[in-house]
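Engineer: Just so it is clear, I am handing over start-v6.txt, which has compact mmCIF, N, CA and C atoms.
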```
# COMPACT_ATOMS: atom_id res chain seq x y z
N MET V 1232 -13.28 21.43 -13.42
CA MET V 1232 -13.72 20.86 -12.16
C MET V 1232 -13.84 19.34 -12.25
N LYS V 1233 -14.31 18.86 -13.40
CA LYS V 1233 -14.46 17.43 -13.59
C LYS V 1233 -13.11 16.71 -13.52
N LYS V 1234 -12.07 17.34 -14.13
CA LYS V 1234 -10.73 16.75 -14.08
C LYS V 1234 -10.20 16.70 -12.65
N ARG V 1235 -10.52 17.71 -11.87
CA ARG V 1235 -10.08 17.75 -10.47
C ARG V 1235 -10.71 16.60 -9.69
N LEU V 1236 -12.00 16.38 -9.90
CA LEU V 1236 -12.68 15.29 -9.22
C LEU V 1236 -12.15 13.93 -9.69
N GLN V 1237 -11.86 13.82 -10.99
CA GLN V 1237 -11.29 12.58 -11.51
C GLN V 1237 -9.94 12.28 -10.87
N SER V 1238 -9.15 13.32 -10.61
CA SER V 1238 -7.83 13.10 -10.01
C SER V 1238 -7.96 12.52 -8.61
N PHE V 1239 -9.01 12.92 -7.87
CA PHE V 1239 -9.26 12.32 -6.56
C PHE V 1239 -9.63 10.85 -6.71
N GLY V 1240 -10.38 10.53 -7.74
CA GLY V 1240 -10.74 9.15 -8.02
C GLY V 1240 -9.52 8.30 -8.33
N TYR V 1241 -8.60 8.85 -9.15
CA TYR V 1241 -7.38 8.13 -9.47
C TYR V 1241 -6.52 7.91 -8.21
N ALA V 1242 -6.44 8.93 -7.39
CA ALA V 1242 -5.67 8.81 -6.15
C ALA V 1242 -6.29 7.74 -5.24
N GLY V 1243 -7.61 7.76 -5.14
CA GLY V 1243 -8.30 6.75 -4.33
C GLY V 1243 -8.04 5.35 -4.86
N ARG V 1244 -8.04 5.22 -6.17
CA ARG V 1244 -7.76 3.92 -6.78
C ARG V 1244 -6.35 3.46 -6.46
N GLY V 1245 -5.41 4.39 -6.49
CA GLY V 1245 -4.02 4.05 -6.15
C GLY V 1245 -3.89 3.60 -4.71
N ILE V 1246 -4.59 4.28 -3.81
CA ILE V 1246 -4.57 3.89 -2.39
C ILE V 1246 -5.15 2.49 -2.23
N ARG V 1247 -6.29 2.24 -2.86
CA ARG V 1247 -6.92 0.91 -2.76
C ARG V 1247 -6.00 -0.17 -3.32
N LEU V 1248 -5.36 0.11 -4.45
CA LEU V 1248 -4.46 -0.87 -5.07
C LEU V 1248 -3.32 -1.26 -4.14
N VAL V 1249 -2.66 -0.27 -3.59
CA VAL V 1249 -1.50 -0.58 -2.74
C VAL V 1249 -1.92 -1.24 -1.43
N PHE V 1250 -3.06 -0.83 -0.87
CA PHE V 1250 -3.51 -1.42 0.38
C PHE V 1250 -3.99 -2.85 0.17
N SER V 1251 -4.48 -3.16 -1.02
CA SER V 1251 -5.01 -4.51 -1.25
C SER V 1251 -3.97 -5.48 -1.81
N SER V 1252 -2.88 -4.97 -2.39
CA SER V 1252 -1.97 -5.86 -3.09
C SER V 1252 -0.57 -5.98 -2.48
N GLU V 1253 -0.19 -5.08 -1.63
CA GLU V 1253 1.18 -5.09 -1.12
C GLU V 1253 1.26 -5.69 0.28
N ALA V 1254 2.05 -6.75 0.42
CA ALA V 1254 2.19 -7.44 1.71
C ALA V 1254 2.75 -6.52 2.79
N ASN V 1255 3.75 -5.71 2.42
CA ASN V 1255 4.33 -4.81 3.43
C ASN V 1255 3.32 -3.78 3.91
N MET V 1256 2.43 -3.34 3.02
CA MET V 1256 1.42 -2.37 3.44
C MET V 1256 0.47 -2.99 4.45
N LYS V 1257 0.17 -4.27 4.28
CA LYS V 1257 -0.70 -4.96 5.24
C LYS V 1257 -0.05 -5.01 6.63
N ILE V 1258 1.27 -5.18 6.65
CA ILE V 1258 2.00 -5.14 7.93
C ILE V 1258 1.91 -3.75 8.53
N HIS V 1259 2.11 -2.73 7.70
CA HIS V 1259 2.03 -1.34 8.19
C HIS V 1259 0.63 -1.04 8.73
N ILE V 1260 -0.40 -1.54 8.07
CA ILE V 1260 -1.78 -1.33 8.54
C ILE V 1260 -1.98 -1.97 9.90
N LEU V 1261 -1.51 -3.20 10.05
CA LEU V 1261 -1.65 -3.90 11.32
C LEU V 1261 -0.97 -3.12 12.45
N ILE V 1262 0.24 -2.66 12.19
CA ILE V 1262 0.96 -1.88 13.20
C ILE V 1262 0.23 -0.57 13.49
N ALA V 1263 -0.29 0.07 12.47
CA ALA V 1263 -1.03 1.32 12.67
C ALA V 1263 -2.28 1.09 13.53
N VAL V 1264 -2.98 0.00 13.29
CA VAL V 1264 -4.16 -0.33 14.10
C VAL V 1264 -3.76 -0.55 15.55
N VAL V 1265 -2.65 -1.25 15.79
CA VAL V 1265 -2.17 -1.47 17.16
C VAL V 1265 -1.82 -0.14 17.81
N VAL V 1266 -1.17 0.74 17.08
CA VAL V 1266 -0.81 2.06 17.62
C VAL V 1266 -2.06 2.85 18.00
N VAL V 1267 -3.06 2.84 17.13
CA VAL V 1267 -4.30 3.58 17.42
C VAL V 1267 -5.01 2.99 18.64
N ILE V 1268 -5.07 1.68 18.73
CA ILE V 1268 -5.69 1.04 19.90
C ILE V 1268 -4.93 1.41 21.17
N CYS V 1269 -3.60 1.35 21.10
CA CYS V 1269 -2.78 1.74 22.26
C CYS V 1269 -2.97 3.22 22.60
N GLY V 1270 -3.11 4.04 21.58
CA GLY V 1270 -3.34 5.47 21.82
C GLY V 1270 -4.60 5.70 22.62
N PHE V 1271 -5.68 4.99 22.28
CA PHE V 1271 -6.92 5.12 23.05
C PHE V 1271 -6.78 4.50 24.43
N PHE V 1272 -6.13 3.34 24.51
CA PHE V 1272 -5.97 2.65 25.79
C PHE V 1272 -5.18 3.51 26.78
N PHE V 1273 -4.11 4.12 26.31
CA PHE V 1273 -3.25 4.92 27.19
C PHE V 1273 -3.66 6.39 27.23
N ASN V 1274 -4.72 6.74 26.53
CA ASN V 1274 -5.23 8.11 26.54
C ASN V 1274 -4.12 9.13 26.25
N ILE V 1275 -3.45 8.94 25.11
CA ILE V 1275 -2.32 9.82 24.79
C ILE V 1275 -2.81 11.24 24.50
N SER V 1276 -1.90 12.18 24.64
CA SER V 1276 -2.23 13.59 24.46
C SER V 1276 -2.43 13.93 22.98
N ILE V 1277 -2.95 15.12 22.74
CA ILE V 1277 -3.14 15.58 21.36
C ILE V 1277 -1.81 15.61 20.61
N SER V 1278 -0.77 16.13 21.24
CA SER V 1278 0.53 16.18 20.54
C SER V 1278 1.07 14.78 20.28
N GLU V 1279 0.84 13.84 21.17
CA GLU V 1279 1.25 12.46 20.93
C GLU V 1279 0.46 11.84 19.78
N TRP V 1280 -0.84 12.16 19.70
CA TRP V 1280 -1.65 11.71 18.56
C TRP V 1280 -1.09 12.27 17.26
N ILE V 1281 -0.72 13.54 17.28
CA ILE V 1281 -0.17 14.18 16.08
C ILE V 1281 1.09 13.44 15.63
N TYR V 1282 1.99 13.15 16.57
CA TYR V 1282 3.22 12.44 16.23
C TYR V 1282 2.91 11.05 15.67
N CYS V 1283 1.99 10.34 16.30
CA CYS V 1283 1.63 9.00 15.84
C CYS V 1283 1.02 9.05 14.44
N LEU V 1284 0.10 9.96 14.23
CA LEU V 1284 -0.56 10.05 12.93
C LEU V 1284 0.40 10.49 11.83
N LEU V 1285 1.31 11.40 12.16
CA LEU V 1285 2.32 11.80 11.18
C LEU V 1285 3.22 10.62 10.82
N CYS V 1286 3.61 9.84 11.81
CA CYS V 1286 4.44 8.66 11.54
C CYS V 1286 3.70 7.64 10.68
N ILE V 1287 2.44 7.38 11.02
CA ILE V 1287 1.64 6.45 10.23
C ILE V 1287 1.52 6.94 8.79
N GLY V 1288 1.19 8.20 8.62
CA GLY V 1288 1.07 8.77 7.28
C GLY V 1288 2.38 8.74 6.52
N LEU V 1289 3.46 9.01 7.20
CA LEU V 1289 4.77 9.01 6.54
C LEU V 1289 5.16 7.61 6.07
N VAL V 1290 4.96 6.61 6.93
CA VAL V 1290 5.29 5.24 6.55
C VAL V 1290 4.39 4.77 5.40
N PHE V 1291 3.08 5.05 5.49
CA PHE V 1291 2.17 4.67 4.40
C PHE V 1291 2.60 5.34 3.10
N SER V 1292 2.90 6.63 3.16
CA SER V 1292 3.27 7.37 1.95
C SER V 1292 4.56 6.88 1.34
N THR V 1293 5.58 6.64 2.16
CA THR V 1293 6.85 6.16 1.60
C THR V 1293 6.69 4.75 1.03
N GLU V 1294 5.85 3.93 1.67
CA GLU V 1294 5.61 2.59 1.12
C GLU V 1294 4.92 2.69 -0.25
N MET V 1295 3.99 3.62 -0.38
CA MET V 1295 3.31 3.81 -1.66
C MET V 1295 4.28 4.32 -2.72
N ILE V 1296 5.14 5.25 -2.37
CA ILE V 1296 6.14 5.75 -3.32
C ILE V 1296 7.10 4.63 -3.70
N ASN V 1297 7.52 3.83 -2.73
CA ASN V 1297 8.39 2.70 -2.99
C ASN V 1297 7.74 1.73 -3.98
N THR V 1298 6.47 1.43 -3.76
CA THR V 1298 5.74 0.53 -4.66
C THR V 1298 5.68 1.10 -6.06
N ALA V 1299 5.39 2.40 -6.16
CA ALA V 1299 5.33 3.04 -7.48
C ALA V 1299 6.69 2.99 -8.18
N ILE V 1300 7.75 3.25 -7.45
CA ILE V 1300 9.09 3.21 -8.04
C ILE V 1300 9.42 1.79 -8.51
N GLU V 1301 9.11 0.81 -7.66
CA GLU V 1301 9.37 -0.58 -8.05
C GLU V 1301 8.60 -0.96 -9.32
N ASP V 1302 7.34 -0.57 -9.40
CA ASP V 1302 6.54 -0.90 -10.58
C ASP V 1302 7.08 -0.23 -11.84
N VAL V 1303 7.44 1.03 -11.74
CA VAL V 1303 7.97 1.75 -12.91
C VAL V 1303 9.32 1.17 -13.33
N VAL V 1304 10.17 0.85 -12.36
CA VAL V 1304 11.47 0.26 -12.68
C VAL V 1304 11.28 -1.10 -13.36
N ASP V 1305 10.35 -1.90 -12.83
CA ASP V 1305 10.08 -3.21 -13.45
C ASP V 1305 9.55 -3.05 -14.88
N LEU V 1306 8.75 -2.04 -15.11
CA LEU V 1306 8.23 -1.79 -16.44
C LEU V 1306 9.34 -1.36 -17.40
N ALA V 1307 10.18 -0.45 -16.91
CA ALA V 1307 11.23 0.12 -17.76
C ALA V 1307 12.40 -0.85 -17.96
N SER V 1308 12.63 -1.69 -16.98
CA SER V 1308 13.78 -2.59 -17.05
C SER V 1308 13.39 -3.98 -16.56
N PRO V 1309 12.65 -4.73 -17.38
CA PRO V 1309 12.20 -6.06 -16.94
C PRO V 1309 13.37 -7.02 -16.68
N GLU V 1310 14.47 -6.83 -17.39
CA GLU V 1310 15.65 -7.65 -17.12
C GLU V 1310 16.46 -6.99 -16.01
N HIS V 1311 17.28 -7.78 -15.35
CA HIS V 1311 18.07 -7.23 -14.24
C HIS V 1311 19.07 -6.20 -14.76
N HIS V 1312 19.08 -5.07 -14.09
CA HIS V 1312 20.04 -4.02 -14.42
C HIS V 1312 20.51 -3.42 -13.10
N GLU V 1313 21.78 -3.14 -13.01
CA GLU V 1313 22.37 -2.63 -11.76
C GLU V 1313 21.68 -1.35 -11.28
N LEU V 1314 21.43 -0.42 -12.19
CA LEU V 1314 20.78 0.84 -11.80
C LEU V 1314 19.33 0.63 -11.37
N ALA V 1315 18.66 -0.32 -12.01
CA ALA V 1315 17.28 -0.62 -11.61
C ALA V 1315 17.26 -1.17 -10.19
N GLY V 1316 18.17 -2.07 -9.91
CA GLY V 1316 18.27 -2.61 -8.55
C GLY V 1316 18.63 -1.54 -7.54
N LYS V 1317 19.52 -0.65 -7.93
CA LYS V 1317 19.93 0.45 -7.04
C LYS V 1317 18.74 1.35 -6.70
N ALA V 1318 17.95 1.70 -7.71
CA ALA V 1318 16.77 2.56 -7.49
C ALA V 1318 15.78 1.88 -6.54
N LYS V 1319 15.54 0.60 -6.75
CA LYS V 1319 14.59 -0.13 -5.91
C LYS V 1319 15.11 -0.26 -4.48
N ASP V 1320 16.41 -0.50 -4.33
CA ASP V 1320 17.00 -0.61 -2.99
C ASP V 1320 16.94 0.72 -2.24
N ILE V 1321 17.19 1.81 -2.94
CA ILE V 1321 17.14 3.13 -2.31
C ILE V 1321 15.72 3.45 -1.86
N ALA V 1322 14.74 3.15 -2.70
CA ALA V 1322 13.34 3.40 -2.33
C ALA V 1322 12.94 2.56 -1.13
N ALA V 1323 13.36 1.30 -1.11
CA ALA V 1323 13.06 0.43 0.04
C ALA V 1323 13.76 0.95 1.29
N GLY V 1324 14.97 1.48 1.13
CA GLY V 1324 15.70 2.05 2.27
C GLY V 1324 14.98 3.26 2.86
N ALA V 1325 14.34 4.04 2.01
CA ALA V 1325 13.58 5.20 2.50
C ALA V 1325 12.43 4.74 3.40
N VAL V 1326 11.76 3.66 3.00
CA VAL V 1326 10.68 3.12 3.82
C VAL V 1326 11.25 2.64 5.16
N LEU V 1327 12.37 1.94 5.10
CA LEU V 1327 12.98 1.42 6.32
C LEU V 1327 13.36 2.54 7.28
N ILE V 1328 13.94 3.62 6.77
CA ILE V 1328 14.29 4.75 7.62
C ILE V 1328 13.04 5.33 8.29
N CYS V 1329 11.98 5.53 7.52
CA CYS V 1329 10.74 6.05 8.09
C CYS V 1329 10.17 5.11 9.15
N ALA V 1330 10.24 3.82 8.88
CA ALA V 1330 9.72 2.84 9.84
C ALA V 1330 10.55 2.85 11.13
N ILE V 1331 11.87 2.91 11.01
CA ILE V 1331 12.73 2.92 12.20
C ILE V 1331 12.48 4.16 13.03
N ILE V 1332 12.42 5.32 12.39
CA ILE V 1332 12.15 6.57 13.12
C ILE V 1332 10.77 6.51 13.78
N SER V 1333 9.80 5.93 13.09
CA SER V 1333 8.45 5.80 13.65
C SER V 1333 8.44 4.90 14.87
N VAL V 1334 9.20 3.82 14.82
CA VAL V 1334 9.31 2.92 15.98
C VAL V 1334 9.94 3.67 17.15
N LEU V 1335 10.98 4.43 16.88
CA LEU V 1335 11.63 5.19 17.97
C LEU V 1335 10.66 6.20 18.58
N ILE V 1336 9.91 6.88 17.75
CA ILE V 1336 8.92 7.84 18.26
C ILE V 1336 7.85 7.09 19.06
N GLY V 1337 7.41 5.96 18.55
CA GLY V 1337 6.44 5.13 19.29
C GLY V 1337 6.96 4.70 20.63
N LEU V 1338 8.23 4.32 20.69
CA LEU V 1338 8.82 3.93 21.97
C LEU V 1338 8.87 5.11 22.94
N LEU V 1339 9.22 6.28 22.43
CA LEU V 1339 9.25 7.46 23.29
C LEU V 1339 7.87 7.78 23.87
N ILE V 1340 6.83 7.53 23.08
CA ILE V 1340 5.47 7.83 23.52
C ILE V 1340 4.94 6.72 24.43
N PHE V 1341 5.09 5.47 24.02
CA PHE V 1341 4.40 4.38 24.70
C PHE V 1341 5.22 3.66 25.77
N ALA V 1342 6.54 3.62 25.67
CA ALA V 1342 7.33 2.88 26.66
C ALA V 1342 7.10 3.38 28.09
N PRO V 1343 7.10 4.70 28.33
CA PRO V 1343 6.84 5.14 29.71
C PRO V 1343 5.44 4.77 30.21
N LYS V 1344 4.49 4.75 29.30
CA LYS V 1344 3.11 4.40 29.69
C LYS V 1344 3.00 2.92 30.02
N VAL V 1345 3.66 2.09 29.22
CA VAL V 1345 3.66 0.65 29.49
C VAL V 1345 4.42 0.37 30.79
N TRP V 1346 5.56 1.05 30.95
CA TRP V 1346 6.40 0.88 32.15
C TRP V 1346 5.61 1.22 33.41
N SER V 1347 4.77 2.24 33.34
CA SER V 1347 4.02 2.66 34.53
C SER V 1347 2.97 1.62 34.94
N LEU V 1348 2.63 0.70 34.05
CA LEU V 1348 1.69 -0.37 34.42
C LEU V 1348 2.33 -1.37 35.37
N PHE V 1349 3.66 -1.43 35.36
CA PHE V 1349 4.36 -2.37 36.21
C PHE V 1349 4.85 -1.65 37.41
```
Using structure tokens, write down the structure that the file contains.
Structural biologist:
Amino acid sequence: MKKRLQSFGYAGRGIRLVFSSEANMKIHILIAVVVVICGFFFNISISEWIYCLLCIGLVFSTEMINTAIEDVVDLASPEHHELAGKAKDIAAGAVLICAIISVLIGLLIFAPKVWSLF
């Protein structure tokens, strides 16, 4: 049981590390805060909240995985290596795909609501 609780502590530490040290994560946080504020402002439905929260969680998670991959690659290959660069680019691409899909979902949810204000 003690090991199980320790694993939650390690996970919490990892979350704090990435949220405090990664510039891209700070951008993701800012966008997530804007989405949540807009969700309350436009009184979005439960299913729309689910989509927004899933997108936020997916982008945060892929950014964390990307950061972990970059750190491990840098540790394993401090000098430039083609495969190291390839791994880092692929991980960054995964974040970009998640972010683009999240933006599209956000537009589907919020664009009609913003449009109705005009």
Engineer: Which residues, written as a PDB file with N, CA and C atoms, keeping the file's coordinate frame, have at least one atom at most 8 Å from His1259 in chain V, with all atoms listed in the file counted and residues fewer than 6 positions away on the same chain left out?
Structural biologist:
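To be explicit, this is the file written out as out.pdb:
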```
ATOM      1  N   VAL V1265      -2.650  -1.250  15.790  1.00  0.00           N
ATOM      2  CA  VAL V1265      -2.170  -1.470  17.160  1.00  0.00           C
ATOM      3  C   VAL V1265      -1.820  -0.140  17.810  1.00  0.00           C
ATOM      4  N   ILE V1287       2.440   7.380  11.020  1.00  0.00           N
ATOM      5  CA  ILE V1287       1.640   6.450  10.230  1.00  0.00           C
ATOM      6  C   ILE V1287       1.520   6.940   8.790  1.00  0.00           C
ATOM      7  N   VAL V1290       4.960   6.610   6.930  1.00  0.00           N
ATOM      8  CA  VAL V1290       5.290   5.240   6.550  1.00  0.00           C
ATOM      9  C   VAL V1290       4.390   4.770   5.400  1.00  0.00           C
ATOM     10  N   PHE V1291       3.080   5.050   5.490  1.00  0.00           N
ATOM     11  CA  PHE V1291       2.170   4.670   4.400  1.00  0.00           C
ATOM     12  C   PHE V1291       2.600   5.340   3.100  1.00  0.00           C
TER      13      PHE V1291
END
```
Engineer: Any idea what the distance is between atom C of Arg1244 in chain V and CA of Ile1281 in chain V?
Structural biologist: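 So the two atoms, atom C of Arg1244 in chain V and CA of Ile1281 in chain V, lie 25.7 Å apart.
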Engineer: Please compute the atom N of Leu1339 in chain V-CA of Asn1255 in chain V distance, one decimal, in Å.
Structural biologist: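 We find that atom N of Leu1339 in chain V and CA of Asn1255 in chain V lie 22.5 Å from each other.
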Engineer: Neighbouring residues of Ser1292 in chain V were defined as those with any atom within 12 Å, considering only C-alpha atoms; residues of the same chain fewer than 3 positions away were excluded. Please report them as number ranges by chain.
Structural biologist: V: 1245-1246, 1249-1250, 1256, 1259, 1284-1289, 1295-1299, 1322, 1325-1326, 1329-1330
Engineer: What lies within 12 Å of Leu1348 in chain V using only C-alpha atoms, ignoring chain neighbours under 6 positions off, as a list in words?
Structural biologist: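 So, after excluding close chain neighbours, the residues are Phe1272, Phe1273, Phe1341 and Ala1342 of chain V.
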Engineer: What does the distance from CA of Ile1300 in chain V to CA of Ser1238 in chain V come to in Å, to one decimal?
Structural biologist: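 Separating CA of Ile1300 in chain V from CA of Ser1238 in chain V is a distance of 19.7 Å.
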Engineer: Give me, as a list in words, all polymer residues having an atom no more than 10 Å from Val1345 in chain V, counting only C-alpha atoms and skipping those fewer than 5 positions away in the same chain.
Structural biologist: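 Contacts, with the query itself left out: Cys1269, Phe1273, Leu1338 and Ile1340 of chain V.
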Engineer: So, counting only C-alpha atoms, which residue among V:Ala1263, V:Met1232, V:Ile1275, V:Ala1318 is closest to Lys1344 in chain V?
Structural biologist: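 For Lys1344 in chain V, the nearest of the given residues is V:Ile1275.
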Engineer: Rank V:Val1303, V:Val1264, V:Leu1248, V:Cys1283 by their smallest atom-to-atom distance to Ile1336 in chain V, using only N, CA and C atoms, and report the top residue only.
Structural biologist: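 Among V:Val1303, V:Val1264, V:Leu1248, V:Cys1283, it is V:Cys1283 that comes nearest to Ile1336 in chain V.
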Engineer: Find, counting all atoms listed in the file, the residue in V:Ala1315, V:Ile1277, V:Ala1323, V:Leu1306 that gets nearest to Glu1294 in chain V.
Structural biologist: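 Looking only at the distances to Glu1294 in chain V, the closest residue turns out to be V:Ala1323.
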